[in-house]
file entry-v6.pdb (PDB, C-alpha atoms, pLDDT in the B column)
ATOM      1  CA  MET A   1      60.594-182.660 -54.862  1.00 77.00           C
ATOM      2  CA  SER A   2      57.463-183.139 -56.932  1.00 92.00           C
ATOM      3  CA  PHE A   3      54.622-180.668 -57.139  1.00 94.00           C
ATOM      4  CA  PHE A   4      52.130-182.937 -55.344  1.00 94.00           C
ATOM      5  CA  ARG A   5      54.559-183.694 -52.531  1.00 95.00           C
ATOM      6  CA  LYS A   6      54.983-179.950 -51.951  1.00 94.00           C
ATOM      7  CA  ILE A   7      51.207-179.540 -51.764  1.00 94.00           C
ATOM      8  CA  GLY A   8      50.960-182.452 -49.319  1.00 91.00           C
ATOM      9  CA  ASN A   9      53.733-181.032 -47.132  1.00 94.00           C
ATOM     10  CA  GLY A  10      52.101-177.593 -47.160  1.00 92.00           C
ATOM     11  CA  LEU A  11      48.753-179.085 -46.162  1.00 89.00           C
ATOM     12  CA  ALA A  12      50.425-181.069 -43.362  1.00 89.00           C
ATOM     13  CA  ARG A  13      52.085-177.878 -42.060  1.00 91.00           C
ATOM     14  CA  PHE A  14      48.765-176.033 -42.212  1.00 89.00           C
ATOM     15  CA  MET A  15      46.927-178.784 -40.296  1.00 88.00           C
ATOM     16  CA  TYR A  16      49.600-179.039 -37.590  1.00 91.00           C
ATOM     17  CA  GLY A  17      47.979-178.153 -34.241  1.00 89.00           C
ATOM     18  CA  ARG A  18      44.449-178.363 -35.619  1.00 91.00           C
ATOM     19  CA  ASN A  19      41.733-180.867 -34.824  1.00 90.00           C
ATOM     20  CA  GLY A  20      41.189-182.543 -38.209  1.00 90.00           C
ATOM     21  CA  MET A  21      38.649-185.305 -38.729  1.00 92.00           C
ATOM     22  CA  ASP A  22      37.553-187.257 -35.663  1.00 94.00           C
ATOM     23  CA  GLN A  23      34.625-189.592 -35.000  1.00 97.00           C
ATOM     24  CA  LEU A  24      32.170-186.759 -34.349  1.00 97.00           C
ATOM     25  CA  ASN A  25      33.150-185.007 -37.582  1.00 97.00           C
ATOM     26  CA  ARG A  26      32.713-188.248 -39.499  1.00 97.00           C
ATOM     27  CA  ALA A  27      29.230-188.679 -38.022  1.00 97.00           C
ATOM     28  CA  LEU A  28      28.382-185.071 -38.869  1.00 97.00           C
ATOM     29  CA  PHE A  29      29.635-185.636 -42.421  1.00 97.00           C
ATOM     30  CA  TRP A  30      27.410-188.722 -42.779  1.00 98.00           C
ATOM     31  CA  LEU A  31      24.496-186.650 -41.460  1.00 97.00           C
ATOM     32  CA  TYR A  32      25.366-184.038 -44.100  1.00 98.00           C
ATOM     33  CA  LEU A  33      25.276-186.665 -46.854  1.00 97.00           C
ATOM     34  CA  ILE A  34      21.931-188.043 -45.620  1.00 96.00           C
ATOM     35  CA  LEU A  35      20.399-184.554 -45.501  1.00 95.00           C
ATOM     36  CA  TRP A  36      21.800-183.815 -48.940  1.00 96.00           C
ATOM     37  CA  GLY A  37      20.191-186.976 -50.312  1.00 94.00           C
ATOM     38  CA  ALA A  38      16.908-186.064 -48.607  1.00 92.00           C
ATOM     39  CA  GLU A  39      17.110-182.613 -50.194  1.00 92.00           C
ATOM     40  CA  ILE A  40      17.587-184.109 -53.646  1.00 92.00           C
ATOM     41  CA  VAL A  41      14.746-186.604 -53.215  1.00 91.00           C
ATOM     42  CA  SER A  42      12.364-184.021 -51.772  1.00 89.00           C
ATOM     43  CA  GLY A  43      13.277-181.618 -54.568  1.00 87.00           C
ATOM     44  CA  LEU A  44      12.495-184.218 -57.216  1.00 89.00           C
ATOM     45  CA  VAL A  45       9.335-185.549 -55.586  1.00 90.00           C
ATOM     46  CA  LEU A  46       7.756-182.559 -53.851  1.00 87.00           C
ATOM     47  CA  LYS A  47       9.229-179.700 -55.903  1.00 85.00           C
ATOM     48  CA  SER A  48       8.779-177.400 -52.898  1.00 85.00           C
ATOM     49  CA  VAL A  49      11.086-174.387 -53.067  1.00 88.00           C
ATOM     50  CA  LEU A  50      10.603-173.608 -49.363  1.00 90.00           C
ATOM     51  CA  LEU A  51      11.625-177.127 -48.321  1.00 90.00           C
ATOM     52  CA  ILE A  52      14.692-176.989 -50.569  1.00 91.00           C
ATOM     53  CA  ARG A  53      15.716-173.646 -49.031  1.00 93.00           C
ATOM     54  CA  ILE A  54      15.336-175.085 -45.525  1.00 93.00           C
ATOM     55  CA  PHE A  55      17.523-178.044 -46.460  1.00 94.00           C
ATOM     56  CA  GLU A  56      20.104-175.736 -48.030  1.00 95.00           C
ATOM     57  CA  GLY A  57      20.238-173.641 -44.861  1.00 96.00           C
ATOM     58  CA  LEU A  58      20.668-176.736 -42.696  1.00 96.00           C
ATOM     59  CA  LEU A  59      23.348-178.122 -44.995  1.00 97.00           C
ATOM     60  CA  PHE A  60      25.241-174.824 -45.081  1.00 98.00           C
ATOM     61  CA  GLY A  61      25.181-174.509 -41.291  1.00 97.00           C
ATOM     62  CA  LEU A  62      26.226-178.115 -40.834  1.00 97.00           C
ATOM     63  CA  MET A  63      29.141-177.760 -43.258  1.00 97.00           C
ATOM     64  CA  LEU A  64      30.292-174.595 -41.489  1.00 97.00           C
ATOM     65  CA  PHE A  65      30.189-176.446 -38.165  1.00 97.00           C
ATOM     66  CA  ILE A  66      32.167-179.373 -39.625  1.00 96.00           C
ATOM     67  CA  PHE A  67      34.818-177.001 -40.985  1.00 96.00           C
ATOM     68  CA  PHE A  68      34.917-175.091 -37.702  1.00 96.00           C
ATOM     69  CA  ARG A  69      35.579-178.295 -35.760  1.00 96.00           C
ATOM     70  CA  MET A  70      38.083-179.529 -38.342  1.00 95.00           C
ATOM     71  CA  PHE A  71      40.231-176.379 -38.415  1.00 94.00           C
ATOM     72  CA  SER A  72      39.862-175.485 -34.738  1.00 94.00           C
ATOM     73  CA  ARG A  73      43.031-175.083 -32.683  1.00 94.00           C
ATOM     74  CA  ASN A  74      41.194-175.501 -29.377  1.00 95.00           C
ATOM     75  CA  LEU A  75      42.111-179.172 -29.164  1.00 94.00           C
ATOM     76  CA  THR A  76      41.000-179.722 -25.566  1.00 95.00           C
ATOM     77  CA  GLN A  77      37.451-178.547 -26.280  1.00 96.00           C
ATOM     78  CA  ARG A  78      37.181-180.530 -29.543  1.00 95.00           C
ATOM     79  CA  ARG A  79      38.551-183.670 -27.863  1.00 96.00           C
ATOM     80  CA  SER A  80      36.047-183.223 -25.041  1.00 97.00           C
ATOM     81  CA  GLU A  81      33.178-182.943 -27.557  1.00 96.00           C
ATOM     82  CA  ASN A  82      34.446-185.995 -29.421  1.00 97.00           C
ATOM     83  CA  GLN A  83      34.791-188.005 -26.201  1.00 97.00           C
ATOM     84  CA  LYS A  84      31.189-187.209 -25.222  1.00 97.00           C
ATOM     85  CA  TRP A  85      30.068-188.398 -28.666  1.00 96.00           C
ATOM     86  CA  VAL A  86      32.109-191.617 -28.455  1.00 96.00           C
ATOM     87  CA  ASN A  87      30.762-192.356 -24.946  1.00 96.00           C
ATOM     88  CA  TRP A  88      27.181-191.788 -26.110  1.00 95.00           C
ATOM     89  CA  VAL A  89      27.625-194.109 -29.116  1.00 95.00           C
ATOM     90  CA  TRP A  90      29.285-196.748 -26.914  1.00 94.00           C
ATOM     91  CA  ARG A  91      26.398-196.643 -24.402  1.00 91.00           C
ATOM     92  CA  LEU A  92      23.920-196.989 -27.255  1.00 91.00           C
ATOM     93  CA  LYS A  93      25.757-199.967 -28.767  1.00 91.00           C
ATOM     94  CA  SER A  94      26.283-201.730 -25.432  1.00 87.00           C
ATOM     95  CA  ARG A  95      22.646-201.195 -24.452  1.00 83.00           C
ATOM     96  CA  SER A  96      21.420-202.774 -27.691  1.00 86.00           C
ATOM     97  CA  ALA A  97      23.914-205.636 -27.365  1.00 86.00           C
ATOM     98  CA  GLY A  98      22.715-206.274 -23.806  1.00 81.00           C
ATOM     99  CA  ALA A  99      19.094-206.229 -24.924  1.00 81.00           C
ATOM    100  CA  ARG A 100      19.910-208.735 -27.652  1.00 84.00           C
ATOM    101  CA  ALA A 101      21.661-210.995 -25.139  1.00 82.00           C
ATOM    102  CA  ARG A 102      18.730-210.767 -22.684  1.00 79.00           C
ATOM    103  CA  HIS A 103      16.288-211.602 -25.465  1.00 80.00           C
ATOM    104  CA  THR A 104      18.148-214.776 -26.414  1.00 84.00           C
ATOM    105  CA  ASP A 105      18.509-215.947 -22.781  1.00 84.00           C
ATOM    106  CA  LYS A 106      15.582-218.324 -22.229  1.00 85.00           C
ATOM    107  CA  ASP A 107      16.717-219.582 -18.791  1.00 88.00           C
ATOM    108  CA  HIS A 108      16.281-216.239 -17.027  1.00 89.00           C
ATOM    109  CA  LYS A 109      13.772-213.426 -16.826  1.00 88.00           C
ATOM    110  CA  TYR A 110      14.920-209.822 -16.533  1.00 88.00           C
ATOM    111  CA  PHE A 111      13.269-207.057 -14.534  1.00 87.00           C
ATOM    112  CA  THR A 112      14.127-203.374 -14.398  1.00 86.00           C
ATOM    113  CA  CYS A 113      14.125-201.606 -11.040  1.00 88.00           C
ATOM    114  CA  LYS A 114      11.748-198.643 -11.114  1.00 88.00           C
ATOM    115  CA  THR A 115      13.889-196.475  -8.837  1.00 88.00           C
ATOM    116  CA  CYS A 116      17.453-196.919 -10.103  1.00 89.00           C
ATOM    117  CA  LYS A 117      16.845-198.575 -13.520  1.00 85.00           C
ATOM    118  CA  ALA A 118      19.106-201.533 -12.655  1.00 87.00           C
ATOM    119  CA  ILE A 119      18.435-204.775 -14.504  1.00 85.00           C
ATOM    120  CA  CYS A 120      17.781-207.764 -12.219  1.00 86.00           C
ATOM    121  CA  ARG A 121      18.023-211.352 -13.477  1.00 85.00           C
ATOM    122  CA  VAL A 122      16.008-214.231 -11.964  1.00 89.00           C
ATOM    123  CA  PRO A 123      15.527-217.833 -13.078  1.00 88.00           C
ATOM    124  CA  VAL A 124      12.400-218.692 -15.063  1.00 89.00           C
ATOM    125  CA  GLY A 125       9.646-220.806 -13.486  1.00 86.00           C
ATOM    126  CA  LYS A 126       9.870-219.790  -9.805  1.00 84.00           C
ATOM    127  CA  GLY A 127       6.311-218.412  -9.645  1.00 87.00           C
ATOM    128  CA  ASN A 128       5.433-215.161  -7.860  1.00 89.00           C
ATOM    129  CA  ILE A 129       8.569-213.781  -6.235  1.00 89.00           C
ATOM    130  CA  VAL A 130       9.825-210.634  -4.549  1.00 90.00           C
ATOM    131  CA  ILE A 131      13.091-209.395  -6.013  1.00 88.00           C
ATOM    132  CA  THR A 132      15.358-207.122  -4.004  1.00 89.00           C
ATOM    133  CA  CYS A 133      17.344-204.752  -6.204  1.00 89.00           C
ATOM    134  CA  PRO A 134      21.063-205.258  -5.529  1.00 86.00           C
ATOM    135  CA  ARG A 135      21.848-201.619  -6.217  1.00 88.00           C
ATOM    136  CA  CYS A 136      19.232-199.689  -4.242  1.00 88.00           C
ATOM    137  CA  GLY A 137      17.403-202.350  -2.194  1.00 88.00           C
ATOM    138  CA  ALA A 138      13.943-201.673  -3.657  1.00 88.00           C
ATOM    139  CA  GLN A 139      11.419-204.505  -3.738  1.00 88.00           C
ATOM    140  CA  ILE A 140      10.032-205.755  -7.052  1.00 85.00           C
ATOM    141  CA  LYS A 141       7.027-208.118  -6.987  1.00 88.00           C
ATOM    142  CA  ALA A 142       6.836-210.162 -10.172  1.00 84.00           C
ATOM    143  CA  LYS A 143       6.149-213.535 -11.700  1.00 86.00           C
ATOM    144  CA  SER A 144       9.131-215.365 -13.138  1.00 79.00           C
TER     145      SER A 144
END

call {"tool": "encode", "arguments": {"input": "entry-v6.pdb", "output": "structure tokens"}}
result
Amino acid sequence: MSFFRKIGNGLARFMYGRNGMDQLNRALFWLYLILWGAEIVSGLVLKSVLLIRIFEGLLFGLMLFIFFRMFSRNLTQRRSENQKWVNWVWRLKSRSAGARARHTDKDHKYFTCKTCKAICRVPVGKGNIVITCPRCGAQIKAKS
């Protein structure tokens, strides 16, 4: 068995039962890289020692948190954190995709209910109308 294969097997045994890299850790790592780049740029442009120290503290804390999540054996808690992150990102992406689709739809006008935040769709060109929210029953007076 080669030297590198032994190292790989040892690392695999060490990581068994640990969290490793998940989507939240990847996002935190990208945040780390962005902050690191901002630290370098601010150090070159502003030459502020205090700002550099603040960035270094943030980067050190963020790296410790990434390593903590990566090597944690509390898999249920880490999976729960990761699932909350994935759900938040999915809601953000689906909301922007829906907004894009509503913007391109020229045959309908969209209204948001003030009470339950539901999105109601009505045809364009019907004049002043009263829309009843299908979710909560609230009345919306608008011009289509």

call {"tool": "closest_residue", "arguments": {"input": "entry-v6.pdb", "among": "A:Lys126, A:Arg91, A:Lys6, A:Arg26", "to": "A:Ile66", "atoms": "only C-alpha atoms"}}
result
A:Arg26

call {"tool": "residues_around", "arguments": {"input": "entry-v6.pdb", "residues": "A:Val124", "least_positions_apart": "5", "cutoff": "6 Å", "atoms": "all atoms listed in the file", "output": "MDAnalysis selection string"}}
result
chainID A and resid 107:109 144

call {"tool": "residues_around", "arguments": {"input": "entry-v6.pdb", "residues": "stretch 137-140 of chain A", "least_positions_apart": "5", "cutoff": "8 Å", "atoms": "all atoms listed in the file", "output": "list in words"}}
result
Cys113, Thr115, Val130, Ile131 and Thr132 of chain A

call {"tool": "closest_residue", "arguments": {"input": "entry-v6.pdb", "among": "A:Glu56, A:Leu31, A:Cys120, A:Lys143", "to": "A:Gly43", "atoms": "all atoms listed in the file"}}
result
A:Glu56

call {"tool": "residues_around", "arguments": {"input": "entry-v6.pdb", "residues": "A:Arg69", "least_positions_apart": "4", "cutoff": "9 Å", "atoms": "all atoms listed in the file", "output": "MDAnalysis selection string"}}
result
chainID A and resid 18:21 25 64:65 73:74 78

call {"tool": "residues_around", "arguments": {"input": "entry-v6.pdb", "residues": "A:Leu62", "least_positions_apart": "6", "cutoff": "10 Å", "atoms": "all atoms listed in the file", "output": "PDB file with C-alpha atoms, keeping the file's coordinate frame"}}
result
ATOM      1  CA  LEU A  28      28.382-185.071 -38.869  1.00 97.00           C
ATOM      2  CA  PHE A  29      29.635-185.636 -42.421  1.00 97.00           C
ATOM      3  CA  LEU A  31      24.496-186.650 -41.460  1.00 97.00           C
ATOM      4  CA  TYR A  32      25.366-184.038 -44.100  1.00 98.00           C
ATOM      5  CA  LEU A  35      20.399-184.554 -45.501  1.00 95.00           C
ATOM      6  CA  GLU A  56      20.104-175.736 -48.030  1.00 95.00           C
ATOM      7  CA  PHE A  68      34.917-175.091 -37.702  1.00 96.00           C
TER       8      PHE A  68
END

call {"tool": "atom_distance", "arguments": {"input": "entry-v6.pdb", "atom1": "atom CA of A:Tyr16", "atom2": "atom CA of A:Leu75"}}
result
11.3 Å

call {"tool": "closest_residue", "arguments": {"input": "entry-v6.pdb", "among": "A:Lys84, A:Arg95, A:Arg121, A:Lys106", "to": "A:Ala142", "atoms": "all atoms listed in the file"}}
result
A:Arg121

call {"tool": "closest_residue", "arguments": {"input": "entry-v6.pdb", "among": "A:Ile129, A:Leu44, A:Cys116, A:Val122", "to": "A:Arg102", "atoms": "only C-alpha atoms"}}
result
A:Val122

call {"tool": "atom_distance", "arguments": {"input": "entry-v6.pdb", "atom1": "atom CA of A:Phe111", "atom2": "atom CA of A:Ser94"}}
result
17.8 Å

call {"tool": "closest_residue", "arguments": {"input": "entry-v6.pdb", "among": "A:Trp36, A:Ser72, A:Val45, A:Phe4", "to": "A:Leu58", "atoms": "all atoms listed in the file"}}
result
A:Trp36

call {"tool": "atom_distance", "arguments": {"input": "entry-v6.pdb", "atom1": "atom CA of A:Ile7", "atom2": "atom CA of A:Asp22"}}
result
22.5 Å

call {"tool": "axis_aligned_box", "arguments": {"input": "entry-v6.pdb", "around": "stretch 123-137 of chain A", "padding_each_side": "5 Å", "output": "lines of an AutoDock Vina configuration file"}}
result
center_x = 13.6
center_y = -210.2
center_z = -8.6
size_x = 26.4
size_y = 31.1
size_z = 22.9

call {"tool": "resolve_selection", "arguments": {"input": "entry-v6.pdb", "expression": "the PyMOL selection byres ((chain A and resi 39) around 12)", "output": "count of residues only"}}
result
27
